[in-house]
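As provided, my_file01.cif (mmCIF, C-alpha atoms) reads as follows.
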data_target
#
loop_
_atom_site.label_atom_id
_atom_site.label_comp_id
_atom_site.auth_asym_id
_atom_site.auth_seq_id
_atom_site.Cartn_x
_atom_site.Cartn_y
_atom_site.Cartn_z
CA MET A 18 -2.54 37.47 12.56
CA ALA A 19 -0.87 34.08 12.84
CA GLU A 20 -2.95 31.21 14.12
CA THR A 21 -2.14 30.02 17.61
CA ASN A 22 -0.84 26.52 18.13
CA ALA A 23 -4.15 25.58 19.77
CA VAL A 24 -6.12 26.67 16.70
CA ARG A 25 -3.76 24.87 14.33
CA PHE A 26 -3.96 21.74 16.49
CA ILE A 27 -7.77 21.76 16.54
CA ASN A 28 -7.95 22.37 12.78
CA ALA A 29 -5.67 19.40 12.09
CA TYR A 30 -7.62 17.24 14.53
CA ASN A 31 -10.90 18.17 12.83
CA SER A 32 -9.40 17.38 9.43
CA ILE A 33 -8.49 13.87 10.57
CA ASP A 34 -11.92 13.39 12.17
CA GLN A 35 -13.85 14.54 9.11
CA SER A 36 -11.67 12.66 6.62
CA LEU A 37 -11.94 9.31 8.39
CA ARG A 38 -15.70 9.65 8.87
CA SER A 39 -16.09 10.46 5.18
CA ILE A 40 -13.77 7.72 3.89
CA TYR A 41 -15.18 4.90 6.04
CA ASN A 42 -18.73 6.16 6.62
CA PHE A 43 -18.45 6.20 10.40
CA ARG A 44 -21.53 7.45 12.23
CA ARG A 45 -21.40 10.85 13.86
CA ASN A 46 -22.11 9.39 17.30
CA ILE A 47 -18.94 7.28 17.29
CA SER A 48 -16.23 8.87 19.39
CA PHE A 49 -12.93 9.88 17.85
CA ALA A 50 -11.04 7.27 19.89
CA ASP A 51 -13.42 4.49 18.85
CA MET A 52 -13.16 5.62 15.23
CA ILE A 53 -9.36 5.47 15.41
CA ARG A 54 -9.43 1.93 16.78
CA ARG A 55 -11.86 0.81 14.07
CA SER A 56 -9.64 2.41 11.41
CA VAL A 57 -6.50 0.55 12.47
CA PRO A 58 -7.06 -2.50 10.19
CA LEU A 59 -8.26 -0.22 7.38
CA ASN A 60 -5.68 2.53 7.22
CA SER A 61 -1.89 2.25 7.43
CA VAL A 62 -1.49 5.84 8.61
CA VAL A 63 -3.91 5.38 11.51
CA ARG A 64 -2.32 2.05 12.29
CA ARG A 65 1.10 3.69 12.58
CA TYR A 66 -0.06 6.65 14.65
CA GLU A 67 -2.84 5.00 16.68
CA ASP A 68 -1.36 5.71 20.13
CA LYS A 69 -0.50 9.31 19.27
CA LEU A 70 -3.96 9.97 17.90
CA ILE A 71 -5.57 8.64 21.07
CA ASP A 72 -3.30 10.93 23.12
CA TYR A 73 -4.10 13.87 20.86
CA ALA A 74 -7.81 13.22 21.37
CA ARG A 75 -7.32 13.71 25.10
CA LEU A 76 -5.41 16.93 24.48
CA ARG A 77 -8.11 18.15 22.12
CA ASN A 78 -10.79 17.49 24.75
CA ALA A 79 -8.80 19.42 27.35
CA ILE A 80 -8.43 22.40 25.01
CA ILE A 81 -12.08 22.41 23.91
CA HIS A 82 -13.84 21.66 27.20
CA ASN A 83 -11.58 23.39 29.71
CA SER A 84 -10.69 26.60 27.92
CA THR A 85 -12.48 29.93 27.94
CA GLU A 86 -12.44 32.91 25.61
CA GLU A 87 -9.99 34.57 27.94
CA MET A 88 -7.71 31.57 28.55
CA ILE A 89 -6.58 28.52 26.56
CA ILE A 90 -5.87 25.81 29.12
CA ALA A 91 -3.17 24.19 26.97
CA GLU A 92 -1.15 25.60 24.09
CA PRO A 93 0.36 22.60 22.23
CA HIS A 94 4.10 22.54 21.64
CA ASP A 95 5.36 23.36 18.14
CA ASP A 96 6.48 19.75 17.59
CA VAL A 97 3.05 18.44 18.59
CA VAL A 98 1.32 20.78 16.15
CA ALA A 99 3.70 19.84 13.35
CA ASP A 100 3.15 16.16 14.09
CA ILE A 101 -0.65 16.24 14.03
CA GLU A 102 -0.61 18.42 10.90
CA HIS A 103 1.65 15.83 9.26
CA ILE A 104 -0.80 13.05 10.16
CA ALA A 105 -3.72 15.13 8.91
CA GLN A 106 -1.98 15.62 5.57
CA LEU A 107 -1.42 11.89 5.19
CA VAL A 108 -5.06 11.10 6.00
CA SER A 109 -6.75 13.82 3.97
CA SER A 110 -4.26 14.23 1.09
CA PRO A 111 -2.45 10.90 0.80
CA PRO A 112 0.39 10.78 -1.74
CA THR A 113 -0.03 8.46 -4.70
CA VAL A 114 2.50 5.75 -5.43
CA LEU A 115 3.35 7.17 -8.84
CA GLN A 116 3.92 10.62 -7.33
CA SER A 117 6.25 9.19 -4.73
CA ILE A 118 8.16 6.33 -6.36
CA PRO A 119 9.70 6.50 -9.85
CA ARG A 120 7.89 4.29 -12.32
CA LYS A 121 9.64 0.98 -12.79
CA GLU A 122 10.30 -0.75 -16.05
CA VAL A 123 7.97 -3.74 -16.18
CA PHE A 124 8.67 -6.85 -18.23
CA VAL A 125 5.69 -9.01 -19.15
CA LEU A 126 5.39 -12.57 -20.37
CA ASP A 127 2.89 -14.30 -22.61
CA GLY A 128 1.28 -17.20 -20.80
CA ASN A 129 2.40 -19.60 -23.53
CA THR A 130 6.07 -18.73 -23.06
CA PRO A 131 8.05 -21.83 -22.05
CA LEU A 132 9.01 -21.85 -18.39
CA LYS A 133 12.67 -22.00 -19.46
CA LYS A 134 12.36 -18.59 -21.18
CA ALA A 135 10.65 -17.16 -18.11
CA ILE A 136 13.50 -18.34 -15.88
CA GLU A 137 16.03 -16.84 -18.28
CA LEU A 138 14.18 -13.50 -18.20
CA VAL A 139 14.12 -13.45 -14.39
CA ALA A 140 17.84 -14.25 -14.33
CA SER A 141 18.87 -11.72 -17.00
CA THR A 142 16.78 -8.78 -15.73
CA GLY A 143 17.07 -9.32 -11.99
CA PHE A 144 13.29 -8.76 -11.69
CA LYS A 145 11.86 -11.33 -9.36
CA THR A 146 8.22 -10.62 -10.26
CA ILE A 147 6.88 -10.58 -13.82
CA PRO A 148 3.22 -10.18 -14.87
CA ILE A 149 1.79 -12.81 -17.20
CA TYR A 150 -0.69 -11.94 -19.95
CA GLN A 151 -2.82 -14.23 -22.04
CA ASP A 152 -4.94 -12.96 -24.92
CA ASP A 153 -3.91 -9.42 -23.85
CA ARG A 154 -5.34 -9.93 -20.36
CA LEU A 155 -3.41 -9.96 -17.09
CA VAL A 156 -3.94 -13.44 -15.70
CA SER A 157 -1.17 -14.03 -13.20
CA ILE A 158 2.37 -13.26 -12.11
CA ILE A 159 5.46 -15.37 -11.91
CA HIS A 160 7.81 -14.87 -8.99
CA SER A 161 11.26 -16.32 -8.44
CA SER A 162 10.14 -18.04 -5.22
CA ARG A 163 7.27 -19.67 -7.10
CA ILE A 164 9.65 -20.92 -9.74
CA VAL A 165 11.72 -22.57 -7.02
CA ASP A 166 8.55 -24.22 -5.64
CA VAL A 167 7.63 -25.55 -9.09
CA LEU A 168 11.09 -26.93 -9.78
CA GLY A 169 11.21 -28.48 -6.32
CA ASP A 170 7.99 -30.37 -7.06
CA ILE A 171 9.39 -31.58 -10.38
CA ILE A 172 12.49 -32.92 -8.65
CA LYS A 173 10.34 -34.72 -6.06
CA GLN A 174 8.35 -36.32 -8.86
CA GLY A 175 11.54 -37.56 -10.51
CA LYS A 176 10.87 -35.72 -13.75
CA ASN A 177 13.52 -34.29 -16.06
CA ILE A 178 13.83 -30.59 -15.23
CA ASP A 179 15.28 -29.58 -18.59
CA GLU A 180 12.48 -31.28 -20.52
CA TYR A 181 9.82 -29.86 -18.21
CA CYS A 182 11.11 -26.29 -18.44
CA ALA A 183 11.46 -26.44 -22.21
CA SER A 184 8.02 -27.91 -22.90
CA THR A 185 5.78 -26.40 -20.19
CA PRO A 186 4.09 -23.01 -20.76
CA VAL A 187 4.69 -20.69 -17.84
CA ILE A 188 0.94 -20.35 -17.21
CA ASP A 189 0.63 -24.13 -16.80
CA ALA A 190 3.59 -24.27 -14.46
CA ILE A 191 1.99 -21.91 -11.96
CA SER A 192 -1.69 -22.69 -12.52
CA SER A 193 -1.77 -25.22 -9.68
CA GLN A 194 -0.53 -22.66 -7.17
CA ASP A 195 -2.65 -20.32 -5.09
CA ILE A 196 -1.50 -17.50 -7.35
CA ASP A 197 -4.69 -15.40 -7.40
CA LYS A 198 -4.02 -14.34 -3.81
CA THR A 199 -0.44 -13.26 -4.49
CA PHE A 200 -1.12 -10.32 -6.79
CA THR A 201 -3.69 -7.63 -7.44
CA ILE A 202 -4.18 -4.81 -9.91
CA ARG A 203 -4.82 -1.12 -9.20
CA GLY A 204 -5.10 2.13 -11.12
CA GLU A 205 -2.61 5.00 -11.30
CA ARG A 206 -4.32 6.86 -8.44
CA LEU A 207 -3.32 4.17 -5.93
CA THR A 208 -2.10 5.90 -2.78
CA VAL A 209 0.85 4.90 -0.66
CA GLN A 210 -1.51 4.26 2.24
CA GLU A 211 -3.70 1.96 0.11
CA ALA A 212 -0.65 0.04 -1.12
CA LEU A 213 0.58 -0.51 2.42
CA ASP A 214 -2.88 -1.69 3.46
CA ILE A 215 -2.97 -4.21 0.60
CA PHE A 216 0.32 -5.75 1.71
CA TYR A 217 -0.68 -5.58 5.39
CA ASN A 218 -4.03 -7.31 4.92
CA ASN A 219 -2.69 -10.16 2.77
CA ARG A 220 0.67 -11.53 3.86
CA LYS A 221 0.77 -13.74 0.74
CA MET A 222 0.68 -10.67 -1.51
CA LEU A 223 3.77 -10.53 -3.72
CA ALA A 224 2.91 -7.73 -6.12
CA ILE A 225 0.56 -4.89 -7.00
CA VAL A 226 0.41 -4.36 -10.76
CA ILE A 227 -0.38 -0.73 -11.59
CA THR A 228 -2.14 0.17 -14.83
CA LYS A 229 -3.79 3.42 -15.87
CA LYS A 230 -7.30 2.47 -14.74
CA GLY A 231 -6.70 -0.75 -12.84
CA ASN A 232 -8.05 -2.80 -15.73
CA PHE A 233 -6.89 -6.37 -16.40
CA LEU A 234 -6.90 -5.60 -20.14
CA GLU A 235 -4.32 -2.83 -19.75
CA ARG A 236 -0.56 -3.13 -19.80
CA PRO A 237 1.28 -2.28 -16.57
CA ILE A 238 2.84 1.14 -16.10
CA SER A 239 4.57 0.15 -12.86
CA ILE A 240 4.66 -2.58 -10.26
CA LEU A 241 5.06 -2.76 -6.48
CA THR A 242 6.49 -5.74 -4.65
CA VAL A 243 7.10 -6.58 -1.02
CA ALA A 244 10.60 -5.17 -1.47
CA ASP A 245 9.00 -1.71 -1.82
CA ILE A 246 7.34 -1.76 1.61
CA ILE A 247 10.36 -0.11 3.27
CA ASP A 248 10.27 2.74 0.74
CA LEU A 249 6.50 3.12 1.13
CA ASN A 250 6.85 3.42 4.89
CA LYS A 251 9.61 6.00 4.49
CA ILE A 252 7.33 8.07 2.25
CA VAL A 253 4.72 8.08 5.01
CA ASP A 254 7.37 9.28 7.47
CA ASP A 255 8.72 12.05 5.23
CA TYR A 256 5.67 13.18 3.27
CA ASP A 257 4.80 16.87 3.29
CA VAL A 258 1.86 17.89 1.12
CA ARG A 259 3.34 21.38 0.80
CA SER A 260 6.51 20.16 -0.89
#
Can you present the structure in this file as structure tokens?
Amino acid sequence: MAETNAVRFINAYNSIDQSLRSIYNFRRNISFADMIRRSVPLNSVVRRYEDKLIDYARLRNAIIHNSTEEMIIAEPHDDVVADIEHIAQLVSSPPTVLQSIPRKEVFVLDGNTPLKKAIELVASTGFKTIPIYQDDRLVSIIHSSRIVDVLGDIIKQGKNIDEYCASTPVIDAISSQDIDKTFTIRGERLTVQEALDIFYNNRKMLAIVITKKGNFLERPISILTVADIIDLNKIVDDYDVRS
């Protein structure tokens, strides 16, 4: 016998409730609505669907507390059931980035590479963000906007740009910038939700370098930049765990 919409709705609701409590260690005595509000800065899916989830909590309470064995007080509409099941899938079975977005070719630079060569690589490849390795360790990234900042400072100082770019290692050119806050590294199991949260919680973030285990001694297998945020959000909208 097919499940009723009310049963499907309650099952999806319970999945969201249990998943969030497990992920963020919320106490059992915290209400669902309070848990949702506390999850907003932590979870991009909850942040997107906060108002709906609060409304669905009220509907859940009406179904649970005002129904009897003989009569369900409210049978949710098909669209409502599909919507809460979609949200439950995203919370409990979030898609990974590598499952959802084709792996990108990633160019890397040695930290001792002259800044001139780095600029030429950015120009020839069209990649605005390139990881920098030194002694086989990821130490930084170079981004086209950062290059512009560096060259702007050189002009202000009255130095010769050609000489500076030819003689300055790329790692030295960006070492004075607040670069450690503009990139991070994660493993191949990074979820779309986690990636969105990283960009949301640090507006200076330019890139997420993805390696197999999230180790600074590994070479990148893909990279996410702020330009990917639109695609990440679309994945959240369209994702169906059954597909």
| request: Extract, using all atoms listed in the file, all DNA, RNA and protein residues at most 10 Å from Pro119 (chain A), discarding same-chain residues fewer than 4 positions from it, and format them as a ChimeraX atom specification. | output: /A:114-115,239
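For the choices A:Leu132, A:Ile172, A:Val98, A:Ile71, the atom-to-atom distance to His160 (chain A) is smallest for A:Leu132 when using only C-alpha atoms.
Straight-line separation from CA of Ser61 (chain A) to CA of Arg44 (chain A): 20.9 Å.
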| said: Using all atoms listed in the file for the distances, tell me which of A:Leu59, A:Ala23, A:Ile252, A:Leu126 is nearest to Val97 (chain A). | reply: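 Of the candidates, the smallest distance to Val97 (chain A) is held by A:Ala23.
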| field | Answer key for the PyMOL selection byres ((chain A and resi 56) around 12), residues as a PyMOL selection string | value | chain A and resi 33-34+36-38+40-43+49-55+57-67+70+108+214
| task | Could you check which of A:Glu211, A:Asp248, A:Asp72, A:Glu235 is closest to Leu107 (chain A), using only C-alpha atoms? | result |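 Under the stated criterion, the closest residue is A:Glu211.
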